[in-house]
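Participant: Below is target39.txt; it holds compact mmCIF, C-alpha atoms and all ligand atoms.
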# COMPACT_ATOMS: atom_id res chain seq x y z
CA MET L 1 8.32 4.26 -42.22
CA GLY L 2 5.70 4.03 -44.98
CA VAL L 3 3.36 1.15 -45.57
CA PRO L 4 5.15 -2.06 -44.53
CA ILE L 5 6.13 -4.43 -47.29
CA LEU L 6 3.48 -6.97 -48.27
CA THR L 7 5.13 -10.39 -48.35
CA TYR L 8 1.99 -12.51 -48.07
CA ALA L 9 -1.04 -12.75 -50.38
CA LEU L 10 -4.12 -14.89 -50.82
CA ARG L 11 -4.55 -17.59 -53.44
CA ASN L 12 -7.69 -19.72 -53.27
CA ASP L 13 -8.23 -18.52 -49.66
CA GLU L 14 -4.74 -19.64 -48.71
CA LEU L 15 -2.20 -17.18 -47.36
CA LEU L 16 1.06 -17.68 -49.22
CA HIS L 17 4.51 -16.22 -48.79
CA ILE L 18 6.05 -14.46 -51.80
CA SER L 19 8.68 -17.22 -52.04
CA LYS L 20 5.99 -19.79 -52.74
CA VAL L 21 4.56 -18.24 -55.90
CA GLU L 22 5.59 -17.53 -59.51
CA ASN L 23 6.89 -14.16 -60.46
CA GLY L 24 4.67 -11.49 -61.97
CA ALA L 25 0.95 -11.32 -62.54
CA SER L 26 0.83 -15.06 -63.17
CA CYS L 27 1.18 -15.68 -59.42
CA GLY L 28 -2.62 -15.73 -59.28
CA CYS L 29 -2.73 -13.98 -55.91
CA ILE L 30 -5.13 -11.36 -54.62
CA CYS L 31 -4.72 -8.70 -51.92
CA PRO L 32 -5.95 -9.86 -48.47
CA GLY L 33 -7.33 -6.34 -47.92
CA CYS L 34 -8.97 -5.10 -51.14
CA LYS L 35 -9.09 -8.49 -52.90
CA GLN L 36 -7.62 -7.01 -56.13
CA PRO L 37 -5.13 -9.06 -58.16
CA LEU L 38 -1.49 -8.64 -57.15
CA ILE L 39 1.80 -8.83 -58.98
CA ALA L 40 4.54 -10.90 -57.38
CA ARG L 41 7.93 -9.22 -57.48
CA ASN L 42 10.28 -11.95 -56.38
CA LYS L 43 12.93 -11.74 -59.05
CA GLY L 44 14.31 -8.34 -58.15
CA LEU L 45 17.73 -7.92 -56.63
CA VAL L 46 17.41 -4.40 -55.25
CA ARG L 47 14.17 -4.37 -53.28
CA GLU L 48 12.93 -7.02 -50.92
CA HIS L 49 10.57 -9.48 -52.56
CA HIS L 50 7.00 -8.32 -52.25
CA PHE L 51 3.53 -8.23 -53.74
CA ALA L 52 2.42 -5.08 -55.52
CA HIS L 53 -0.96 -3.76 -56.57
CA SER L 54 -1.25 -2.97 -60.25
CA GLY L 55 -0.01 0.55 -60.88
CA ASP L 56 1.78 0.34 -57.51
CA LEU L 57 -1.40 1.54 -55.84
CA LEU L 58 -1.03 2.02 -52.08
CA CYS L 59 -3.45 -0.24 -50.24
CA HIS L 60 -3.57 0.47 -46.52
CA GLY L 61 -5.68 -2.50 -45.50
CA ALA L 62 -3.44 -5.07 -47.16
CA TYR L 63 -0.74 -5.31 -44.53
CA GLU L 64 -3.05 -5.37 -41.50
CA THR L 65 -5.33 -7.96 -42.99
CA ALA L 66 -2.37 -10.11 -44.00
CA LEU L 67 -0.92 -9.85 -40.50
CA HIS L 68 -4.25 -10.83 -38.95
CA LEU L 69 -4.54 -13.84 -41.27
CA LEU L 70 -0.94 -14.84 -40.72
CA ALA L 71 -1.30 -14.61 -36.92
CA LYS L 72 -4.29 -16.95 -37.03
CA GLN L 73 -2.38 -19.29 -39.29
CA VAL L 74 0.67 -19.34 -36.99
CA PHE L 75 -1.50 -19.97 -33.96
CA ALA L 76 -3.48 -22.75 -35.67
CA LYS L 77 -0.23 -24.41 -36.62
CA SER L 78 1.65 -24.03 -33.32
CA ARG L 79 -1.44 -24.19 -31.03
CA ALA L 80 0.87 -22.53 -28.48
CA ILE L 81 0.29 -19.64 -26.10
CA TYR L 82 1.81 -18.54 -22.83
CA LEU L 83 -0.98 -17.53 -20.47
CA PRO L 84 -0.66 -13.81 -19.70
CA ASN L 85 -0.62 -12.25 -16.26
CA TYR L 86 -3.96 -11.77 -14.61
CA TYR L 87 -5.23 -8.32 -13.59
CA TRP L 88 -8.44 -8.37 -11.63
CA ASN L 89 -9.72 -5.18 -13.25
CA TYR L 90 -8.44 -6.30 -16.67
CA ASP L 91 -6.31 -3.20 -17.00
CA HIS L 92 -3.08 -4.91 -17.97
CA LYS L 93 -1.23 -1.60 -18.04
CA SER L 94 -1.69 -0.78 -14.36
CA ASN L 95 0.24 -3.08 -12.10
CA HIS L 96 -1.80 -2.39 -8.98
CA SER L 97 -4.46 -4.90 -9.94
CA ARG L 98 -2.05 -7.69 -10.71
CA PHE L 99 -3.01 -10.94 -9.02
CA PRO L 100 -0.42 -13.71 -9.24
CA PHE L 101 -1.18 -16.92 -11.02
CA PRO L 102 -1.22 -19.78 -8.57
CA PRO L 103 2.12 -21.53 -9.08
CA GLU L 104 0.36 -24.84 -9.72
CA PHE L 105 -1.18 -23.30 -12.85
CA LYS L 106 0.60 -24.21 -16.05
CA ARG L 107 1.38 -21.10 -18.07
CA GLU L 108 2.68 -22.70 -21.26
CA ILE L 109 -0.25 -24.15 -23.14
CA ILE L 110 -0.25 -26.26 -26.26
CA PHE L 111 -3.91 -26.69 -27.15
CA GLU L 112 -5.16 -30.06 -28.28
CA THR L 113 -7.11 -28.41 -31.08
CA VAL L 114 -7.41 -24.91 -32.50
CA THR L 115 -10.28 -23.81 -34.73
CA LEU L 116 -10.44 -20.50 -36.58
CA GLU L 117 -13.36 -18.17 -37.27
CA GLN L 118 -15.99 -20.56 -36.03
CA ASN L 119 -19.46 -19.49 -35.03
CA ILE L 120 -20.13 -20.62 -31.51
CA THR L 121 -23.52 -20.61 -29.88
CA TRP L 122 -23.59 -19.95 -26.17
CA ASP L 123 -27.02 -19.90 -24.57
CA GLU L 124 -28.62 -18.67 -27.82
CA ASN L 125 -25.86 -16.10 -28.29
CA GLN L 126 -23.62 -16.21 -31.34
CA VAL L 127 -19.97 -15.35 -31.05
CA ARG L 128 -17.29 -15.65 -33.72
CA PRO L 129 -13.85 -15.57 -32.10
CA ASP L 130 -10.73 -15.36 -34.26
CA ALA L 131 -9.61 -18.63 -32.75
CA VAL L 132 -10.67 -21.13 -30.11
CA GLY L 133 -8.16 -23.35 -28.38
CA ARG L 134 -9.37 -26.44 -26.56
CA ILE L 135 -7.57 -28.41 -23.88
CA ASN L 136 -8.81 -30.85 -21.23
CA GLY L 137 -12.41 -30.04 -22.13
CA LYS L 138 -11.81 -26.32 -21.64
CA GLU L 139 -12.01 -23.55 -24.19
CA VAL L 140 -10.05 -20.33 -24.52
CA HIS L 141 -11.01 -17.73 -27.09
CA ILE L 142 -8.17 -15.87 -28.74
CA GLU L 143 -8.71 -12.51 -30.41
CA PHE L 144 -6.02 -10.95 -32.57
CA ALA L 145 -6.09 -7.19 -32.57
CA ASN L 146 -4.26 -4.69 -34.67
CA SER L 147 -6.33 -1.67 -35.52
CA HIS L 148 -9.66 -2.63 -34.00
CA PHE L 149 -9.67 -4.08 -30.54
CA ILE L 150 -12.41 -6.09 -28.99
CA GLU L 151 -15.40 -3.83 -28.54
CA ASN L 152 -17.04 -3.27 -25.20
CA LEU L 153 -20.24 -4.92 -26.34
CA LYS L 154 -18.47 -8.13 -27.30
CA HIS L 155 -16.48 -7.94 -24.05
CA GLU L 156 -19.66 -7.71 -21.96
CA LYS L 157 -21.18 -10.57 -23.94
CA LEU L 158 -18.17 -12.81 -23.31
CA LYS L 159 -18.24 -11.87 -19.66
CA SER L 160 -21.90 -12.77 -19.30
CA LEU L 161 -21.26 -16.06 -21.07
CA GLY L 162 -18.36 -16.93 -18.78
CA VAL L 163 -15.91 -17.45 -21.66
CA SER L 164 -12.16 -17.30 -21.15
CA CYS L 165 -10.69 -14.91 -23.68
CA ILE L 166 -7.20 -13.65 -24.44
CA GLU L 167 -6.45 -10.77 -26.75
CA VAL L 168 -3.17 -10.63 -28.66
CA ASP L 169 -2.20 -7.17 -29.84
CA LEU L 170 -0.31 -7.54 -33.10
CA ALA L 171 0.78 -3.90 -33.28
CA GLY L 172 4.24 -3.35 -34.69
CA LEU L 173 4.78 -6.92 -35.85
CA PRO L 174 6.25 -7.64 -39.28
CA LEU L 175 4.74 -10.30 -41.55
CA ASP L 176 6.99 -12.86 -39.95
CA GLU L 177 5.93 -16.21 -38.53
CA ILE L 178 8.73 -16.37 -35.95
CA ALA L 179 7.97 -12.89 -34.63
CA ILE L 180 4.28 -13.75 -34.30
CA LEU L 181 5.04 -17.03 -32.52
CA GLU L 182 7.33 -15.17 -30.16
CA ARG L 183 4.56 -12.73 -29.30
CA LEU L 184 2.21 -15.61 -28.52
CA THR L 185 4.68 -17.35 -26.26
CA THR L 186 6.15 -14.43 -24.32
CA VAL L 187 4.62 -12.70 -21.30
CA SER L 188 4.30 -9.08 -22.35
CA GLU L 189 1.86 -6.21 -22.33
CA TRP L 190 0.80 -7.27 -25.85
CA VAL L 191 -0.99 -10.38 -24.64
CA TYR L 192 -3.64 -10.05 -21.96
CA TRP L 193 -6.82 -11.47 -20.58
CA ILE L 194 -10.11 -10.02 -21.75
CA ILE L 195 -12.03 -12.41 -19.53
CA ASN L 196 -10.88 -15.11 -17.18
CA PRO L 197 -13.77 -16.58 -15.17
CA LYS L 198 -11.56 -19.06 -13.32
CA MET L 199 -9.13 -16.40 -12.11
CA ASP L 200 -12.04 -14.06 -11.36
CA GLN L 201 -13.42 -16.71 -9.05
CA LEU L 202 -10.05 -17.32 -7.42
CA PHE L 203 -9.59 -13.61 -6.90
CA ARG L 204 -13.05 -13.28 -5.32
CA GLN L 205 -12.23 -16.16 -2.97
CA HIS L 206 -8.89 -14.59 -2.13
CA LYS L 207 -10.57 -11.25 -1.40
CA LYS L 208 -13.17 -12.94 0.78
CA ARG L 209 -10.45 -14.77 2.72
CA LEU L 210 -8.59 -11.50 3.26
CA GLU L 211 -11.74 -9.80 4.54
CA GLU L 212 -12.50 -12.65 6.90
CA GLN L 213 -8.94 -12.63 8.17
CA LYS L 214 -9.12 -8.89 8.75
CA LYS L 215 -12.37 -9.30 10.65
CA LEU L 216 -10.85 -12.02 12.84
CA GLU L 217 -7.81 -9.86 13.52
CA GLN L 218 -10.04 -6.98 14.52
CA GLN L 219 -12.03 -9.20 16.87
CA TRP L 220 -8.83 -10.52 18.37
CA HIS L 221 -7.50 -6.99 18.75
CA THR L 222 -10.68 -5.86 20.51
CA TRP L 223 -10.55 -8.88 22.77
CA GLU L 224 -6.91 -8.17 23.61
CA GLU L 225 -7.66 -4.52 24.33
CA ASN L 226 -10.51 -5.51 26.62
CA GLN L 227 -8.31 -8.04 28.32
CA LYS L 228 -5.61 -5.46 28.88
CA ALA L 229 -8.11 -2.92 30.21
CA THR L 230 -9.50 -5.51 32.63
CA GLU L 231 -6.02 -6.36 33.84
CA ILE L 232 -5.17 -2.72 34.45
CA ALA L 233 -8.44 -2.12 36.28
CA MET L 234 -7.68 -5.13 38.51
CA LYS L 235 -4.17 -3.83 39.11
CA TYR L 236 -5.47 -0.40 40.04
CA HIS L 237 -7.94 -1.81 42.56
CA ALA L 238 -5.38 -4.23 44.00
CA TYR L 239 -2.89 -1.41 44.62
CA LYS L 240 -5.63 0.83 45.96
CA ASN L 241 -6.54 -1.74 48.59
CA ASP L 242 -2.94 -2.56 49.44
CA PRO L 243 -1.99 -0.79 52.68
CA LEU L 244 1.73 -1.21 51.91
CA VAL L 245 1.74 1.01 48.82
CA LYS L 246 0.53 4.43 47.78
CA LEU L 247 -0.94 5.25 44.38
CA LEU L 248 0.42 8.60 43.23
CA LEU L 249 -0.91 10.62 40.30
CA THR L 250 1.79 11.74 37.92
CA LYS L 251 1.96 13.81 34.78
CA ASN L 252 4.89 13.71 32.38
CA ASP L 253 6.81 11.71 34.98
CA GLU L 254 6.38 14.46 37.56
CA VAL L 255 4.83 13.12 40.71
CA TYR L 256 2.49 15.22 42.80
CA ASP L 257 2.10 14.53 46.44
CA CYS L 258 5.41 12.64 46.73
CA PRO L 259 5.39 11.19 50.29
CA ILE L 260 9.18 11.29 50.57
CA ARG L 261 9.34 14.91 49.59
CA LYS L 262 6.65 15.69 52.14
CA VAL L 263 8.62 14.04 54.93
CA LEU L 264 11.81 15.83 53.91
CA LEU L 265 10.14 19.22 53.56
CA GLU L 266 8.03 18.83 56.72
CA PRO L 267 10.43 20.84 58.95
CA LEU L 268 10.12 23.84 56.58
CA LYS L 269 6.49 24.20 57.65
CA LEU L 270 7.77 25.79 60.82
CA GLU L 271 9.69 28.47 58.94
CA LEU L 272 8.43 31.84 57.73
CA ILE L 273 8.72 30.80 54.06
CA TYR L 274 5.70 28.51 54.58
CA ASN L 275 3.56 31.67 54.54
CA HIS L 276 4.45 32.34 50.90
CA PRO L 277 1.62 31.02 48.65
CA ILE L 278 3.89 29.24 46.14
CA LEU L 279 6.48 28.00 48.62
CA LYS L 280 3.65 26.60 50.74
CA GLN L 281 2.38 24.52 47.80
CA ILE L 282 5.83 23.09 47.18
CA ILE L 283 6.39 22.30 50.85
CA ASP L 284 2.95 20.65 50.90
CA GLY L 285 4.06 18.31 48.10
CA ALA L 286 3.35 19.99 44.74
CA TYR L 287 5.97 19.03 42.18
CA TRP L 288 8.79 21.44 41.55
CA LYS L 289 11.90 20.68 39.55
CA PRO L 290 14.47 22.39 41.78
CA LYS L 291 16.05 24.70 39.25
CA LEU L 292 16.51 28.47 39.09
CA TYR L 293 17.24 30.38 35.91
CA GLY L 294 18.60 33.72 34.68
CA GLN L 295 20.81 36.51 35.92
CA TRP L 296 20.97 40.31 35.77
CA PRO L 297 19.78 42.08 33.61
CA ASN L 298 17.49 39.25 32.39
CA GLY L 299 15.86 38.80 35.77
CA LYS L 300 15.59 35.52 37.66
CA TRP L 301 12.86 32.94 37.31
CA PHE L 302 11.74 29.38 37.82
CA TYR L 303 9.04 27.08 36.49
CA PHE L 304 6.14 25.89 38.56
CA LYS L 305 3.03 24.07 37.26
CA ASN L 306 4.06 24.78 33.68
CA GLU L 307 4.31 28.48 34.33
CA MET L 308 7.32 30.74 34.24
CA ILE L 309 7.46 32.74 37.45
CA TYR L 310 9.79 35.71 37.94
CA ILE L 311 11.68 36.02 41.19
CA TYR L 312 13.31 39.28 40.10
CA PRO L 313 11.92 41.11 37.03
CA ALA L 314 14.07 41.62 33.93
CA GLY L 315 15.43 45.08 33.07
CA ASP L 316 18.54 47.20 33.28
CA ARG L 317 17.26 49.30 36.14
CA GLU L 318 17.14 49.64 39.92
CA LEU L 319 14.50 47.36 41.46
CA THR L 320 11.87 48.97 43.60
CA GLU L 321 11.96 48.36 47.30
CA ALA L 322 8.90 46.10 47.04
CA GLU L 323 10.29 44.10 44.13
CA LYS L 324 13.54 43.59 45.99
CA LYS L 325 11.82 42.51 49.19
CA SER L 326 9.40 40.01 47.71
CA GLY L 327 12.12 38.71 45.36
CA ASP L 328 14.54 38.15 48.24
CA GLN L 329 11.89 36.23 50.19
CA LEU L 330 11.06 33.93 47.28
CA PHE L 331 14.70 33.45 46.35
CA TYR L 332 15.60 32.52 49.91
CA GLY L 333 12.69 30.10 50.22
CA LEU L 334 13.33 28.38 46.88
CA ASN L 335 17.00 27.91 47.70
CA LYS L 336 16.08 26.42 51.04
CA ILE L 337 13.76 23.90 49.36
CA LYS L 338 16.29 23.23 46.60
CA GLU L 339 18.93 22.41 49.20
CA VAL L 340 16.71 19.74 50.74
CA LEU L 341 15.63 18.25 47.40
CA ASP L 342 19.05 18.34 45.75
CA ASN L 343 20.59 16.45 48.63
CA ASP L 344 18.29 13.51 48.10
CA SER L 345 17.41 13.97 44.40
CA ILE L 346 13.87 13.09 45.27
CA GLY L 347 10.80 13.44 43.09
CA ASP L 348 11.94 11.51 40.05
CA CYS L 349 10.02 8.25 40.26
CA GLY L 350 11.96 6.75 37.37
CA SER L 351 15.06 6.46 39.55
CA CYS L 352 13.45 6.34 43.00
CA LYS L 353 14.09 3.18 44.95
CA TYR L 354 10.60 3.35 46.46
CA SER L 355 8.86 3.23 43.08
CA VAL L 356 7.58 -0.29 42.32
CA ASP L 357 5.27 0.13 39.32
CA HIS L 358 3.60 2.66 37.06
CA PHE L 359 0.64 2.42 34.69
CA THR L 360 -2.11 4.37 32.95
CA TYR L 361 -5.68 3.82 34.04
CA ASN L 362 -8.70 5.83 32.90
CA MET L 363 -6.38 8.24 31.05
CA LYS L 364 -4.44 8.95 34.23
CA GLN L 365 -0.85 8.06 35.00
CA PHE L 366 -0.16 6.38 38.29
CA GLU L 367 3.03 5.69 40.16
CA VAL L 368 3.07 2.97 42.80
CA CYS L 369 5.18 4.01 45.76
CA LYS L 370 6.29 1.68 48.54
CA HIS L 371 7.59 4.38 50.83
CA PRO L 372 7.11 3.30 54.45
ZN ZN K 401 -5.20 -4.17 -51.52
If you convert what's in this file into structure tokens, what do you get?
Ligand SMILES: [Zn+2]
Facilitator:
Amino acid sequence: MGVPILTYALRNDELLHISKVENGASCGCICPGCKQPLIARNKGLVREHHFAHSGDLLCHGAYETALHLLAKQVFAKSRAIYLPNYYWNYDHKSNHSRFPFPPEFKREIIFETVTLEQNITWDENQVRPDAVGRINGKEVHIEFANSHFIENLKHEKLKSLGVSCIEVDLAGLPLDEIAILERLTTVSEWVYWIINPKMDQLFRQHKKRLEEQKKLEQQWHTWEENQKATEIAMKYHAYKNDPLVKLLLTKNDEVYDCPIRKVLLEPLKLELIYNHPILKQIIDGAYWKPKLYGQWPNGKWFYFKNEMIYIYPAGDRELTEAEKKSGDQLFYGLNKIKEVLDNDSIGDCGSCKYSVDHFTYNMKQFEVCKHP
């Protein structure tokens, strides 16, 4: 696409469509960009009607300037705009800063008055917006951008003055009044806030409310945690002073010092196996999940206090006399204990009828046992 066709020109400071003027040089129009006289070509049948520079000179500013003028003209006539979405960091291309318009806010605005290119003095500062729309005693500045967008300096100035300002990006639009009106009255990335003091204030209030709410929630959470900790401490002391129950320390649901196990295993204290250091611990109440593993030639083993302990060593070989003797002793003892425990499936508090409660206090797990 080359330079877009110029269908509007200026005559006595008025922007006129090609259809409104005489044909040829007698149209009396000048270029909105370079201000040179133009020739109206509205009698042709082949090409679209358009204005041409003498000698068909290419003028790059003509189209953009005409579009800018036409946009202002359309806006002044329609006085209509659809308020764009609000982004609290004014980056209308990143959705993360989008802050919804309160539903009670009217988005479709028809201004009571629209003035163009008027110098406005704000606190001794001069600004000259493309257009100013006024409604209910409020003002909104409208800037039309095509090649040059609102500069940072002007932006900062508007911000410090507390002026509401919308920028309308005209990029890609033809010299067409309907297309321009559609851009003004459609929510799109082409129309966005440069400054919106009212929404800025609402957003700050919203942020403040969120922070306060978060603080309250944290306080409530802390209070709840403290409350829970107090309750557990009271529970612990109540159970501790209750002669009818026993508080048992557990780890991963394995209870140490199970009173039922102790009673059941008590008779084994009279047997020789009680002399074995590990068997003695189990008979005295240390937790052991009564399971034996492995078979020749992988050896035989069991787990006790998170350790793997060999009864018979692994290996495709004859065991020594000592290995065989100590292995036999351990194997016999473990089976004896297993027999007692298996019969009553004791030691699992989760399914034990004597277990009445369990809780964690001071990082320790406790089981409450009501064994007589
Ligand atoms: Zn020109």
Participant: Between L:Gln295, L:Ser54, L:Ser19, L:Gln205, which one has atoms that come closest to ligand ZN 401 (chain K), using all atoms listed in the file?
Facilitator: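 Of all the options, L:Ser54 lies closest to ligand ZN 401 (chain K).
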Participant: Give me the residues near Cys34 in chain L as a count of residues only, where near means some atom within 10 Å (using only C-alpha atoms) and where sequence neighbours in that chain fewer than 4 positions away do not count.
Facilitator: 7
Participant: Residues up to 12 Å from ligand ZN 401 (chain K), counting only C-alpha atoms and all ligand atoms: could you list those as a count of residues only?
Facilitator: 32
Participant: Show which residues sit within 8 Å of range 317-333 of chain L, as a PyMOL selection string. Count all atoms listed in the file, and ignore same-chain residues fewer than 3 positions away.
Facilitator: chain L and resi 273+276+279+311-313+336-337
Participant: Measuring between all atoms listed in the file, which one of L:Pro84, L:Pro197, L:Pro174, L:Pro267 shows the shortest distance to Glu108 in chain L?
Facilitator: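 Smallest distance to Glu108 in chain L is found for L:Pro84.
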Participant: Work out how far CA of Glu367 in chain L is from CA of Ala229 in chain L, in Å to one decimal.
Facilitator: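 Rounded to one decimal, the two atoms are 17.2 Å apart.
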Participant: Quick check, in Å to one decimal: how far apart do CA of Asp348 in chain L and CA of Gly299 in chain L lie?
Facilitator: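 Separation between CA of Asp348 in chain L and CA of Gly299 in chain L: 27.9 Å.
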Participant: Give me the residues within 6 Å of range 86-89 of chain L as a count of residues only, counting only C-alpha atoms and dropping any in the same chain fewer than 4 places off.
Facilitator: 3
Participant: To one decimal place, how far is CA of Gln126 in chain L from CA of Lys198 in chain L in Å?
Facilitator: 21.9 Å
Participant: Kindly extract all protein, DNA and RNA residues lying within 7 Å of the coordinates (-3.3, -20.1, -23.9) given in the file, considering all atoms listed in the file, and supply them as a PDB file with C-alpha atoms, keeping the file's coordinate frame.
Facilitator:
ATOM      1  CA  ALA L  80       0.870 -22.530 -28.480  1.00  0.00           C
ATOM      2  CA  ILE L  81       0.290 -19.640 -26.100  1.00  0.00           C
ATOM      3  CA  TYR L  82       1.810 -18.540 -22.830  1.00  0.00           C
ATOM      4  CA  LEU L  83      -0.980 -17.530 -20.470  1.00  0.00           C
ATOM      5  CA  ILE L 109      -0.250 -24.150 -23.140  1.00  0.00           C
ATOM      6  CA  VAL L 140     -10.050 -20.330 -24.520  1.00  0.00           C
TER       7      VAL L 140
END
